[in-house]
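A.B. asks: Below is the file coords-v9.cif, with mmCIF, C-alpha atoms.
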data_structure
#
loop_
_atom_site.label_atom_id
_atom_site.label_comp_id
_atom_site.auth_asym_id
_atom_site.auth_seq_id
_atom_site.Cartn_x
_atom_site.Cartn_y
_atom_site.Cartn_z
CA MET H 23 -32.41 75.94 103.34
CA PRO H 24 -29.38 77.61 104.98
CA LYS H 25 -26.44 75.31 105.58
CA PRO H 26 -24.29 75.22 108.74
CA ARG H 27 -20.86 76.84 108.46
CA LYS H 28 -19.10 73.51 108.97
CA SER H 29 -20.56 72.29 105.67
CA LEU H 30 -19.62 75.51 103.84
CA ILE H 31 -16.01 75.77 105.06
CA SER H 32 -13.76 72.80 104.36
CA LEU H 33 -9.97 72.98 104.18
CA ASP H 34 -9.98 69.77 102.15
CA VAL H 35 -11.62 71.77 99.35
CA THR H 36 -10.03 75.24 99.60
CA PRO H 37 -8.41 77.56 102.16
CA TYR H 38 -9.89 80.73 100.52
CA TYR H 39 -13.31 82.19 101.39
CA HIS H 40 -15.26 85.32 100.51
CA CYS H 41 -17.14 86.61 103.57
CA VAL H 42 -19.80 89.34 103.72
CA SER H 43 -21.36 91.02 106.77
CA ARG H 44 -24.28 93.38 106.32
CA CYS H 45 -25.56 96.04 108.73
CA VAL H 46 -29.22 96.10 109.74
CA ARG H 47 -29.42 99.73 110.89
CA ARG H 48 -31.08 102.54 108.95
CA THR H 49 -28.07 104.67 109.85
CA PHE H 50 -25.79 102.14 108.16
CA LEU H 51 -22.37 101.01 109.26
CA CYS H 52 -20.71 104.18 108.01
CA GLY H 53 -21.75 107.01 105.75
CA THR H 54 -24.10 109.87 106.65
CA ASP H 55 -27.62 109.55 108.06
CA ALA H 56 -29.89 111.26 105.51
CA LEU H 57 -32.45 112.19 108.18
CA THR H 58 -30.20 113.60 110.91
CA GLY H 59 -27.19 114.60 108.82
CA ARG H 60 -24.91 112.83 111.30
CA SER H 61 -21.76 111.29 109.83
CA TYR H 62 -20.63 107.79 110.75
CA GLU H 63 -17.65 107.69 108.43
CA HIS H 64 -15.26 107.19 111.35
CA ARG H 65 -16.65 103.68 111.82
CA ARG H 66 -14.83 102.57 108.69
CA GLY H 67 -11.62 103.12 110.63
CA TRP H 68 -12.93 100.97 113.48
CA VAL H 69 -13.56 98.07 111.13
CA GLU H 70 -10.28 98.41 109.22
CA GLN H 71 -8.17 98.73 112.37
CA ARG H 72 -9.78 95.69 113.98
CA LEU H 73 -9.59 93.65 110.77
CA LEU H 74 -5.87 94.29 110.29
CA GLU H 75 -5.13 93.51 113.95
CA LEU H 76 -6.75 90.05 114.04
CA PRO H 77 -4.20 88.23 111.79
CA ARG H 78 -1.61 88.84 114.55
CA HIS H 79 -3.59 86.37 116.65
CA PHE H 80 -5.27 84.06 114.11
CA ALA H 81 -3.86 81.62 111.58
CA ILE H 82 -5.99 83.50 109.05
CA GLU H 83 -4.67 85.99 106.50
CA VAL H 84 -6.59 88.86 104.90
CA SER H 85 -6.22 88.67 101.12
CA ALA H 86 -8.61 91.51 100.27
CA TYR H 87 -11.17 93.71 101.98
CA ALA H 88 -13.50 96.65 101.39
CA VAL H 89 -15.46 98.53 104.06
CA MET H 90 -18.64 99.87 102.44
CA SER H 91 -21.51 102.00 103.78
CA ASN H 92 -23.68 99.15 105.02
CA HIS H 93 -21.56 96.01 104.60
CA THR H 94 -18.04 94.63 104.52
CA HIS H 95 -16.36 92.33 102.00
CA LEU H 96 -13.45 90.08 103.00
CA VAL H 97 -11.36 87.47 101.20
CA LEU H 98 -9.73 85.30 103.88
CA HIS H 99 -7.09 82.58 103.69
CA ILE H 100 -6.87 79.89 106.39
CA ASN H 101 -3.25 78.94 107.06
CA ALA H 102 -3.67 75.53 108.67
CA GLN H 103 0.06 74.76 108.53
CA GLN H 104 0.81 77.86 110.57
CA ALA H 105 -1.67 76.85 113.29
CA ALA H 106 -0.27 73.32 113.43
CA ALA H 107 3.27 74.65 113.90
CA TRP H 108 2.42 76.78 116.94
CA SER H 109 3.66 75.60 120.32
CA THR H 110 1.27 75.37 123.24
CA THR H 111 2.75 78.55 124.67
CA GLU H 112 2.23 80.46 121.43
CA VAL H 113 -1.38 79.30 121.14
CA ILE H 114 -2.10 80.49 124.68
CA GLU H 115 -0.36 83.84 124.18
CA ARG H 116 -2.30 84.47 120.98
CA TRP H 117 -5.59 83.62 122.66
CA HIS H 118 -4.80 85.81 125.64
CA GLY H 119 -4.35 88.68 123.19
CA LEU H 120 -8.05 88.37 122.35
CA PHE H 121 -9.72 87.01 125.49
CA SER H 122 -9.04 86.83 129.23
CA GLY H 123 -8.19 83.13 129.00
CA HIS H 124 -8.34 80.46 131.71
CA PRO H 125 -6.78 80.72 135.20
CA LEU H 126 -4.83 77.54 134.51
CA THR H 127 -3.31 78.91 131.29
CA HIS H 128 -2.16 82.04 133.11
CA ARG H 129 -0.47 79.82 135.67
CA PHE H 130 1.10 77.80 132.83
CA LEU H 131 2.70 80.90 131.32
CA LYS H 132 4.16 81.74 134.73
CA GLY H 133 5.57 78.20 135.06
CA GLU H 134 3.33 77.37 138.02
CA THR H 135 1.65 74.22 136.64
CA GLU H 136 3.51 71.24 138.05
CA SER H 137 1.17 68.25 138.22
CA GLY H 138 0.54 65.99 135.25
CA ALA H 139 -3.20 66.58 135.51
CA GLU H 140 -2.72 70.33 135.18
CA GLN H 141 -0.41 69.93 132.19
CA ALA H 142 -2.93 67.62 130.52
CA LYS H 143 -5.74 70.13 131.06
CA VAL H 144 -3.63 72.94 129.62
CA GLU H 145 -2.95 70.85 126.50
CA GLU H 146 -6.66 70.13 126.17
CA ILE H 147 -7.52 73.84 126.39
CA ALA H 148 -4.76 74.73 123.90
CA ARG H 149 -6.08 72.18 121.38
CA GLU H 150 -9.48 73.83 121.45
CA TRP H 151 -8.00 77.32 121.15
CA ARG H 152 -5.73 76.23 118.29
CA GLN H 153 -8.80 75.10 116.39
CA ARG H 154 -10.65 78.34 117.10
CA LEU H 155 -7.67 80.44 115.99
CA SER H 156 -7.88 78.84 112.55
CA SER H 157 -11.69 79.18 112.34
CA ILE H 158 -13.29 81.80 110.09
CA SER H 159 -16.37 81.76 112.33
CA TRP H 160 -14.29 82.82 115.32
CA PHE H 161 -12.42 85.37 113.19
CA MET H 162 -15.68 86.99 112.09
CA ARG H 163 -17.00 86.89 115.64
CA CYS H 164 -13.91 88.68 116.92
CA LEU H 165 -14.30 91.26 114.14
CA ASN H 166 -18.03 91.97 114.29
CA GLU H 167 -18.86 91.78 118.00
CA PRO H 168 -16.58 94.64 119.15
CA ILE H 169 -17.79 96.85 116.28
CA ALA H 170 -21.43 96.19 117.23
CA ARG H 171 -20.73 97.07 120.87
CA GLN H 172 -18.93 100.30 119.91
CA ALA H 173 -21.74 101.31 117.55
CA ASN H 174 -24.44 100.53 120.14
CA GLU H 175 -22.60 102.57 122.73
CA GLU H 176 -22.22 105.47 120.32
CA ASP H 177 -25.89 105.27 119.27
CA GLN H 178 -26.99 104.82 122.90
CA CYS H 179 -29.11 101.81 122.07
CA SER H 180 -29.09 98.03 122.26
CA GLY H 181 -30.05 95.19 119.94
CA ARG H 182 -28.77 93.87 116.66
CA PHE H 183 -26.25 95.86 114.69
CA TRP H 184 -25.47 93.22 112.04
CA GLU H 185 -28.17 91.70 109.87
CA GLY H 186 -27.22 88.18 110.96
CA ARG H 187 -24.30 85.83 110.75
CA TYR H 188 -21.79 86.49 108.00
CA LYS H 189 -22.25 84.87 104.60
CA SER H 190 -19.38 82.86 103.11
CA GLN H 191 -18.50 81.55 99.67
CA ALA H 192 -15.70 79.09 98.92
CA LEU H 193 -13.20 80.14 96.25
CA LEU H 194 -12.24 76.87 94.63
CA ASP H 195 -9.30 77.78 92.39
CA GLU H 196 -6.77 80.53 91.71
CA ALA H 197 -8.93 82.15 89.03
CA ALA H 198 -11.82 82.41 91.49
CA VAL H 199 -9.54 83.93 94.15
CA MET H 200 -8.23 86.63 91.78
CA ALA H 201 -11.68 87.40 90.37
CA CYS H 202 -13.18 87.71 93.85
CA MET H 203 -10.31 89.87 95.14
CA ALA H 204 -10.73 92.21 92.17
CA TYR H 205 -14.49 92.33 92.78
CA VAL H 206 -13.93 93.23 96.45
CA ASP H 207 -11.28 95.87 95.71
CA LEU H 208 -13.47 97.50 93.04
CA ASN H 209 -16.55 97.85 95.27
CA PRO H 210 -16.07 101.59 95.97
CA VAL H 211 -15.48 102.29 92.26
CA ARG H 212 -18.58 100.34 91.23
CA ALA H 213 -20.63 102.19 93.88
CA LYS H 214 -19.27 105.58 92.63
CA MET H 215 -17.69 106.23 96.01
CA ALA H 216 -14.28 106.59 94.33
CA ASP H 217 -12.99 107.20 90.81
CA THR H 218 -9.96 104.90 90.96
CA PRO H 219 -8.69 101.99 93.08
CA GLU H 220 -5.95 104.14 94.61
CA ALA H 221 -8.62 106.61 95.78
CA SER H 222 -10.79 103.86 97.32
CA ASP H 223 -10.50 104.46 101.06
CA HIS H 224 -10.57 101.52 103.48
CA THR H 225 -9.76 98.89 100.87
CA SER H 226 -6.91 96.42 100.61
CA ILE H 227 -5.87 97.65 97.16
CA GLN H 228 -5.37 101.21 98.41
CA ARG H 229 -3.20 99.88 101.25
CA ARG H 230 -1.15 97.78 98.80
CA ILE H 231 -0.68 100.76 96.45
CA GLN H 232 0.39 103.04 99.30
CA ALA H 233 3.01 100.49 100.38
CA LEU H 234 4.25 100.23 96.78
CA GLU H 235 4.49 104.01 96.43
CA LYS H 236 6.35 104.23 99.73
CA SER H 237 8.94 101.75 98.48
CA ASP H 238 9.41 103.83 95.31
CA THR H 239 10.18 106.97 97.34
CA ALA H 240 12.16 105.12 100.03
CA PRO H 241 14.53 102.58 98.42
CA GLU H 242 15.49 101.20 101.84
CA GLU H 243 11.96 99.80 102.10
CA LYS H 244 12.77 96.27 100.94
CA ASN H 245 9.28 94.74 101.22
CA PRO H 246 6.76 96.88 99.30
CA GLN H 247 3.75 94.97 100.64
CA PRO H 248 1.76 95.73 103.80
CA ALA H 249 2.55 93.30 106.62
CA GLN H 250 -1.13 93.01 107.61
CA LEU H 251 -2.19 91.54 104.25
CA GLN H 252 -1.42 88.21 102.59
CA PRO H 253 1.49 88.99 100.24
CA PHE H 254 1.78 88.37 96.50
CA VAL H 255 4.76 86.05 95.97
CA GLY H 256 5.01 85.91 92.17
CA TYR H 257 4.40 83.04 89.81
CA PRO H 258 4.00 79.47 91.12
CA ARG H 259 7.28 77.65 91.53
CA GLU H 260 8.95 74.94 93.60
CA PRO H 261 9.47 75.35 96.48
CA MET H 262 6.46 77.65 96.63
CA PRO H 263 6.69 80.49 99.20
CA GLU H 264 3.59 81.22 101.26
CA GLY H 265 1.33 83.82 99.70
CA LEU H 266 -0.76 84.62 96.65
CA PRO H 267 0.81 82.92 93.59
CA PHE H 268 0.71 86.03 91.40
CA ARG H 269 2.73 89.19 90.91
CA LEU H 270 1.37 92.33 92.56
CA HIS H 271 1.86 94.42 89.40
CA ASP H 272 -0.15 91.90 87.38
CA TYR H 273 -2.96 92.02 89.93
CA LEU H 274 -3.06 95.82 89.86
CA THR H 275 -3.30 95.69 86.06
CA LEU H 276 -6.13 93.15 86.31
CA VAL H 277 -8.08 95.38 88.71
CA ASP H 278 -7.54 98.45 86.53
CA TRP H 279 -8.62 96.64 83.35
CA THR H 280 -11.65 95.08 85.06
CA GLY H 281 -12.72 98.39 86.58
CA ARG H 282 -12.90 100.04 83.15
CA CYS H 283 -15.53 97.57 81.96
CA LEU H 284 -19.03 99.08 82.04
CA ARG H 285 -21.71 97.03 83.78
CA GLU H 286 -25.45 97.66 83.59
CA ASP H 287 -25.96 96.58 87.19
CA LYS H 288 -23.27 98.94 88.56
CA ARG H 289 -23.16 102.73 88.66
CA GLY H 290 -19.44 103.38 88.43
CA ALA H 291 -16.38 102.49 86.38
CA ILE H 292 -12.81 103.74 85.93
CA ASP H 293 -12.62 106.50 83.32
CA GLN H 294 -11.35 105.13 80.01
CA ALA H 295 -9.35 108.34 79.48
CA LEU H 296 -7.15 107.73 82.49
CA PRO H 297 -3.67 106.26 81.90
CA PRO H 298 -3.00 102.70 83.12
CA ILE H 299 -2.73 102.26 86.88
CA LEU H 300 1.01 101.52 86.88
CA GLU H 301 1.59 104.82 85.07
CA ARG H 302 -0.68 106.69 87.45
#
Take the structure in the file and write it out as C-alpha cells.

C.D. replies:
Amino acid sequence: MPKPRKSLISLDVTPYYHCVSRCVRRTFLCGTDALTGRSYEHRRGWVEQRLLELPRHFAIEVSAYAVMSNHTHLVLHINAQQAAAWSTTEVIERWHGLFSGHPLTHRFLKGETESGAEQAKVEEIAREWRQRLSSISWFMRCLNEPIARQANEEDQCSGRFWEGRYKSQALLDEAAVMACMAYVDLNPVRAKMADTPEASDHTSIQRRIQALEKSDTAPEEKNPQPAQLQPFVGYPREPMPEGLPFRLHDYLTLVDWTGRCLREDKRGAIDQALPPILER
C-alpha cells in the first residue's frame, strides 16, 4: 500500500531525496504532439525557471534535475540548519515571495503590531511557515501547481495535468546521492534526446558545465558553479563547508564514464569514440 509522505521523508535518516513527477496528458509535458504536430517544448523552460527560483524561498537546494518529455526528475537536499537560523522576519519575507500571506504578517513587516497577543500570533504563523519552507511536499506543490495552471490555460481545458502526487525515494548515503544524480543527469542521453551531457538541455549537468566553461573564458568569474544549484565543495574535511562532498570535475568524469556503459533497457549511450568530457 502507498505510504504517507511523512513516513517516507525523515531528516533523521537523510536530507537527500529523489523526486519524480509524471504528466498524465497525451500531449505530454513538453515535446511535440504526434497527432496535431504542435510543439510544447517551451514548457521545459517553464519548469526549469520555476524550479531554479524556488530555492530562493525554501530551505531546500536542488542537487540535480532533468526535465523530460512527460516527467521531471529532481534530487533535493533539505537544509534544516538554514531554516532554523532564519529570523521571524526572514521567514515571513520568504513566504510572502510565494503567497499573499496573512494580514497580520504584513502589519508585522510594517512595524504595526504592538500588542503581545499580535506578536504571539505572528510567531505562531512564522513557525508553521518555517516548517513548510523546509518541506519537500510544499516545494513540489509550489513547483507543480503553477505549471499545471499554465498548461491548462494554454490547452484551454481543466482537470489533472500531473498523474498524481510526486514520488520520492530517500538517498541514504553519499554513494546513493552520486549514483542518483548521475542517473538524473543522464536521462536525456539514455532516452536518445542528446548525444552528450553538455548537449542535454534543461538538465543540471548542462547548467554546471556552462558555468564551468564561462569561468574558463572569464577568469574574473571566481565561483564556477551556478548559484541556483547545490555546489560541489570538494572532499570531506573538518570543518565541512555546506554542499556536495565531492569535486565537480570528479562528478563530471563519473557521469561521462557511466553514460558510456551500454544498457539493454535504455536506447542511448555516449559514443565510445568521443574524448573524455573534461577534454571536450

A.B. asks: Find the residues around stretch 143-154 of chain H up to 12 Å (only C-alpha atoms counted), leave out those fewer than 3 positions away in its own chain, and share them as a ChimeraX atom specification.

C.D. replies: /H:79-82,100-118,120-121,123-131,133-140,157-164

A.B. asks: If the PyMOL selection byres ((chain H and resi 233) around 10) were run on this exact file, what residues would it hold? Put them as a PDB file with C-alpha atoms, in the coordinates of the input.

C.D. replies:
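The resulting out.pdb:
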ATOM      1  CA  ILE H 227      -5.870  97.650  97.160  1.00  0.00           C
ATOM      2  CA  GLN H 228      -5.370 101.210  98.410  1.00  0.00           C
ATOM      3  CA  ARG H 229      -3.200  99.880 101.250  1.00  0.00           C
ATOM      4  CA  ARG H 230      -1.150  97.780  98.800  1.00  0.00           C
ATOM      5  CA  ILE H 231      -0.680 100.760  96.450  1.00  0.00           C
ATOM      6  CA  GLN H 232       0.390 103.040  99.300  1.00  0.00           C
ATOM      7  CA  LEU H 234       4.250 100.230  96.780  1.00  0.00           C
ATOM      8  CA  GLU H 235       4.490 104.010  96.430  1.00  0.00           C
ATOM      9  CA  LYS H 236       6.350 104.230  99.730  1.00  0.00           C
ATOM     10  CA  SER H 237       8.940 101.750  98.480  1.00  0.00           C
ATOM     11  CA  ASP H 238       9.410 103.830  95.310  1.00  0.00           C
ATOM     12  CA  GLU H 243      11.960  99.800 102.100  1.00  0.00           C
ATOM     13  CA  ASN H 245       9.280  94.740 101.220  1.00  0.00           C
ATOM     14  CA  PRO H 246       6.760  96.880  99.300  1.00  0.00           C
ATOM     15  CA  GLN H 247       3.750  94.970 100.640  1.00  0.00           C
ATOM     16  CA  PRO H 248       1.760  95.730 103.800  1.00  0.00           C
ATOM     17  CA  ALA H 249       2.550  93.300 106.620  1.00  0.00           C
TER      18      ALA H 249
END

A.B. asks: Which polymer residues, protein or nucleic acid, are no farther than 12 Å from (-11.3, 85.0, 93.5), counting all atoms listed in the file, as an NGL selection string?

C.D. replies: :H and (36-41 or 85-86 or 96-99 or 191-207 or 266 or 273 or 277)

A.B. asks: Identify which of the residues H:Trp68, H:Cys45, H:Thr225, H:Leu208 lies closest to H:Val84, counting all atoms listed in the file when measuring atom-to-atom distances.

C.D. replies: H:Thr225

A.B. asks: Which protein, DNA or RNA residues have an atom at most 12 Å from (-24.3, 92.6, 113.1), counting all atoms listed in the file? List them as a ChimeraX atom specification.

C.D. replies: /H:42-47,50-51,92-94,162-174,180-189

A.B. asks: Which distance in Å separates atom CA of H:Gly67 and atom CA of H:Gln178, to one decimal?

C.D. replies: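 Taking atom CA of H:Gly67 as the start and atom CA of H:Gln178 as the end point, the length is 19.7 Å.
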
A.B. asks: I need the output of the PyMOL selection byres ((chain H and resi 280-297) around 7) for this file as a VMD selection string; which residues are they?

C.D. replies: chain H and resid 208 211 to 214 217 to 218 276 to 279 298 to 299 301 to 302

A.B. asks: Separation of atom CA of H:Ser156 and atom CA of H:Ser226, in Å?

C.D. replies: 21.3 Å

A.B. asks: Rounded to one decimal place, report the atom CA of H:Met90-atom CA of H:Glu220 distance in Å.

C.D. replies: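 These two atoms are separated by 15.5 Å.
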
A.B. asks: Given only C-alpha atoms as the basis, pick out the residue of H:Cys179, H:Leu155, H:Leu300, H:Ala216 nearest to H:Glu83.

C.D. replies: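 Between H:Cys179, H:Leu155, H:Leu300, H:Ala216, the residue approaching H:Glu83 most closely is H:Leu155.
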
A.B. asks: Extending 6 Å beyond the listed atoms of stretch 198-214 of chain H on each side, what axis-aligned box results? I want centre and edge lengths in Å to one decimal, as JSON.

C.D. replies:
{"center_x": -14.4, "center_y": 94.0, "center_z": 93.4, "size_x": 24.4, "size_y": 35.2, "size_z": 18.1}

A.B. asks: Fix up stretch 95-127 of chain H with N, CA and C atoms, then write it as a PDB file, in the coordinates of the input.

C.D. replies:
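Result saved to selection.pdb:
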ATOM      1  N   HIS H  95     -16.792  93.461 102.817  1.00  0.00           N
ATOM      2  CA  HIS H  95     -16.360  92.330 102.000  1.00  0.00           C
ATOM      3  C   HIS H  95     -14.965  91.907 102.453  1.00  0.00           C
ATOM      4  N   LEU H  96     -14.760  90.601 102.635  1.00  0.00           N
ATOM      5  CA  LEU H  96     -13.450  90.080 103.000  1.00  0.00           C
ATOM      6  C   LEU H  96     -13.132  88.867 102.146  1.00  0.00           C
ATOM      7  N   VAL H  97     -11.862  88.734 101.752  1.00  0.00           N
ATOM      8  CA  VAL H  97     -11.360  87.470 101.200  1.00  0.00           C
ATOM      9  C   VAL H  97     -10.313  86.982 102.200  1.00  0.00           C
ATOM     10  N   LEU H  98     -10.573  85.818 102.805  1.00  0.00           N
ATOM     11  CA  LEU H  98      -9.730  85.300 103.880  1.00  0.00           C
ATOM     12  C   LEU H  98      -9.061  84.001 103.454  1.00  0.00           C
ATOM     13  N   HIS H  99      -7.854  83.798 103.960  1.00  0.00           N
ATOM     14  CA  HIS H  99      -7.090  82.580 103.690  1.00  0.00           C
ATOM     15  C   HIS H  99      -6.752  81.903 105.011  1.00  0.00           C
ATOM     16  N   ILE H 100      -7.151  80.650 105.167  1.00  0.00           N
ATOM     17  CA  ILE H 100      -6.870  79.890 106.390  1.00  0.00           C
ATOM     18  C   ILE H 100      -5.524  79.200 106.228  1.00  0.00           C
ATOM     19  N   ASN H 101      -4.593  79.520 107.106  1.00  0.00           N
ATOM     20  CA  ASN H 101      -3.250  78.940 107.060  1.00  0.00           C
ATOM     21  C   ASN H 101      -3.152  77.831 108.098  1.00  0.00           C
ATOM     22  N   ALA H 102      -3.630  76.643 107.731  1.00  0.00           N
ATOM     23  CA  ALA H 102      -3.670  75.530 108.670  1.00  0.00           C
ATOM     24  C   ALA H 102      -2.278  75.073 109.096  1.00  0.00           C
ATOM     25  N   GLN H 103      -1.298  75.155 108.194  1.00  0.00           N
ATOM     26  CA  GLN H 103       0.060  74.760 108.530  1.00  0.00           C
ATOM     27  C   GLN H 103       0.644  75.657 109.617  1.00  0.00           C
ATOM     28  N   GLN H 104       0.328  76.931 109.552  1.00  0.00           N
ATOM     29  CA  GLN H 104       0.810  77.860 110.570  1.00  0.00           C
ATOM     30  C   GLN H 104       0.250  77.495 111.944  1.00  0.00           C
ATOM     31  N   ALA H 105      -1.049  77.218 112.013  1.00  0.00           N
ATOM     32  CA  ALA H 105      -1.670  76.850 113.290  1.00  0.00           C
ATOM     33  C   ALA H 105      -1.085  75.566 113.848  1.00  0.00           C
ATOM     34  N   ALA H 106      -0.821  74.595 112.973  1.00  0.00           N
ATOM     35  CA  ALA H 106      -0.270  73.320 113.430  1.00  0.00           C
ATOM     36  C   ALA H 106       1.143  73.469 113.967  1.00  0.00           C
ATOM     37  N   ALA H 107       1.874  74.468 113.493  1.00  0.00           N
ATOM     38  CA  ALA H 107       3.270  74.650 113.900  1.00  0.00           C
ATOM     39  C   ALA H 107       3.403  75.421 115.215  1.00  0.00           C
ATOM     40  N   TRP H 108       2.337  76.018 115.700  1.00  0.00           N
ATOM     41  CA  TRP H 108       2.420  76.780 116.940  1.00  0.00           C
ATOM     42  C   TRP H 108       2.678  75.854 118.137  1.00  0.00           C
ATOM     43  N   SER H 109       3.477  76.310 119.052  1.00  0.00           N
ATOM     44  CA  SER H 109       3.660  75.600 120.320  1.00  0.00           C
ATOM     45  C   SER H 109       2.474  75.899 121.223  1.00  0.00           C
ATOM     46  N   THR H 110       2.346  75.126 122.288  1.00  0.00           N
ATOM     47  CA  THR H 110       1.270  75.370 123.240  1.00  0.00           C
ATOM     48  C   THR H 110       1.359  76.764 123.821  1.00  0.00           C
ATOM     49  N   THR H 111       2.558  77.206 124.117  1.00  0.00           N
ATOM     50  CA  THR H 111       2.750  78.550 124.670  1.00  0.00           C
ATOM     51  C   THR H 111       2.285  79.616 123.697  1.00  0.00           C
ATOM     52  N   GLU H 112       2.618  79.456 122.419  1.00  0.00           N
ATOM     53  CA  GLU H 112       2.230  80.460 121.430  1.00  0.00           C
ATOM     54  C   GLU H 112       0.718  80.500 121.248  1.00  0.00           C
ATOM     55  N   VAL H 113       0.078  79.346 121.246  1.00  0.00           N
ATOM     56  CA  VAL H 113      -1.380  79.300 121.140  1.00  0.00           C
ATOM     57  C   VAL H 113      -2.018  80.075 122.285  1.00  0.00           C
ATOM     58  N   ILE H 114      -1.528  79.835 123.501  1.00  0.00           N
ATOM     59  CA  ILE H 114      -2.100  80.490 124.680  1.00  0.00           C
ATOM     60  C   ILE H 114      -1.861  81.994 124.629  1.00  0.00           C
ATOM     61  N   GLU H 115      -0.660  82.409 124.242  1.00  0.00           N
ATOM     62  CA  GLU H 115      -0.360  83.840 124.180  1.00  0.00           C
ATOM     63  C   GLU H 115      -1.230  84.537 123.131  1.00  0.00           C
ATOM     64  N   ARG H 116      -1.447  83.885 122.011  1.00  0.00           N
ATOM     65  CA  ARG H 116      -2.300  84.470 120.980  1.00  0.00           C
ATOM     66  C   ARG H 116      -3.740  84.596 121.466  1.00  0.00           C
ATOM     67  N   TRP H 117      -4.213  83.571 122.158  1.00  0.00           N
ATOM     68  CA  TRP H 117      -5.590  83.620 122.660  1.00  0.00           C
ATOM     69  C   TRP H 117      -5.746  84.682 123.737  1.00  0.00           C
ATOM     70  N   HIS H 118      -4.754  84.793 124.587  1.00  0.00           N
ATOM     71  CA  HIS H 118      -4.800  85.810 125.640  1.00  0.00           C
ATOM     72  C   HIS H 118      -4.785  87.220 125.058  1.00  0.00           C
ATOM     73  N   GLY H 119      -4.294  87.374 123.835  1.00  0.00           N
ATOM     74  CA  GLY H 119      -4.350  88.680 123.190  1.00  0.00           C
ATOM     75  C   GLY H 119      -5.738  89.084 122.764  1.00  0.00           C
ATOM     76  N   LEU H 120      -6.668  88.109 122.752  1.00  0.00           N
ATOM     77  CA  LEU H 120      -8.050  88.370 122.350  1.00  0.00           C
ATOM     78  C   LEU H 120      -9.031  88.260 123.504  1.00  0.00           C
ATOM     79  N   PHE H 121      -8.798  87.289 124.395  1.00  0.00           N
ATOM     80  CA  PHE H 121      -9.720  87.010 125.490  1.00  0.00           C
ATOM     81  C   PHE H 121      -8.936  86.906 126.804  1.00  0.00           C
ATOM     82  N   SER H 122      -9.680  86.876 127.912  1.00  0.00           N
ATOM     83  CA  SER H 122      -9.040  86.830 129.230  1.00  0.00           C
ATOM     84  C   SER H 122      -8.365  85.497 129.500  1.00  0.00           C
ATOM     85  N   GLY H 123      -8.827  84.435 128.825  1.00  0.00           N
ATOM     86  CA  GLY H 123      -8.190  83.130 129.000  1.00  0.00           C
ATOM     87  C   GLY H 123      -8.730  82.365 130.201  1.00  0.00           C
ATOM     88  N   HIS H 124      -7.964  81.374 130.614  1.00  0.00           N
ATOM     89  CA  HIS H 124      -8.340  80.460 131.710  1.00  0.00           C
ATOM     90  C   HIS H 124      -7.320  80.625 132.839  1.00  0.00           C
ATOM     91  N   PRO H 125      -7.753  80.575 134.096  1.00  0.00           N
ATOM     92  CA  PRO H 125      -6.780  80.720 135.200  1.00  0.00           C
ATOM     93  C   PRO H 125      -5.612  79.744 135.099  1.00  0.00           C
ATOM     94  N   LEU H 126      -5.885  78.545 134.610  1.00  0.00           N
ATOM     95  CA  LEU H 126      -4.830  77.540 134.510  1.00  0.00           C
ATOM     96  C   LEU H 126      -3.804  77.917 133.436  1.00  0.00           C
ATOM     97  N   THR H 127      -4.257  78.529 132.344  1.00  0.00           N
ATOM     98  CA  THR H 127      -3.310  78.910 131.290  1.00  0.00           C
ATOM     99  C   THR H 127      -2.440  80.094 131.732  1.00  0.00           C
TER     100      THR H 127
END
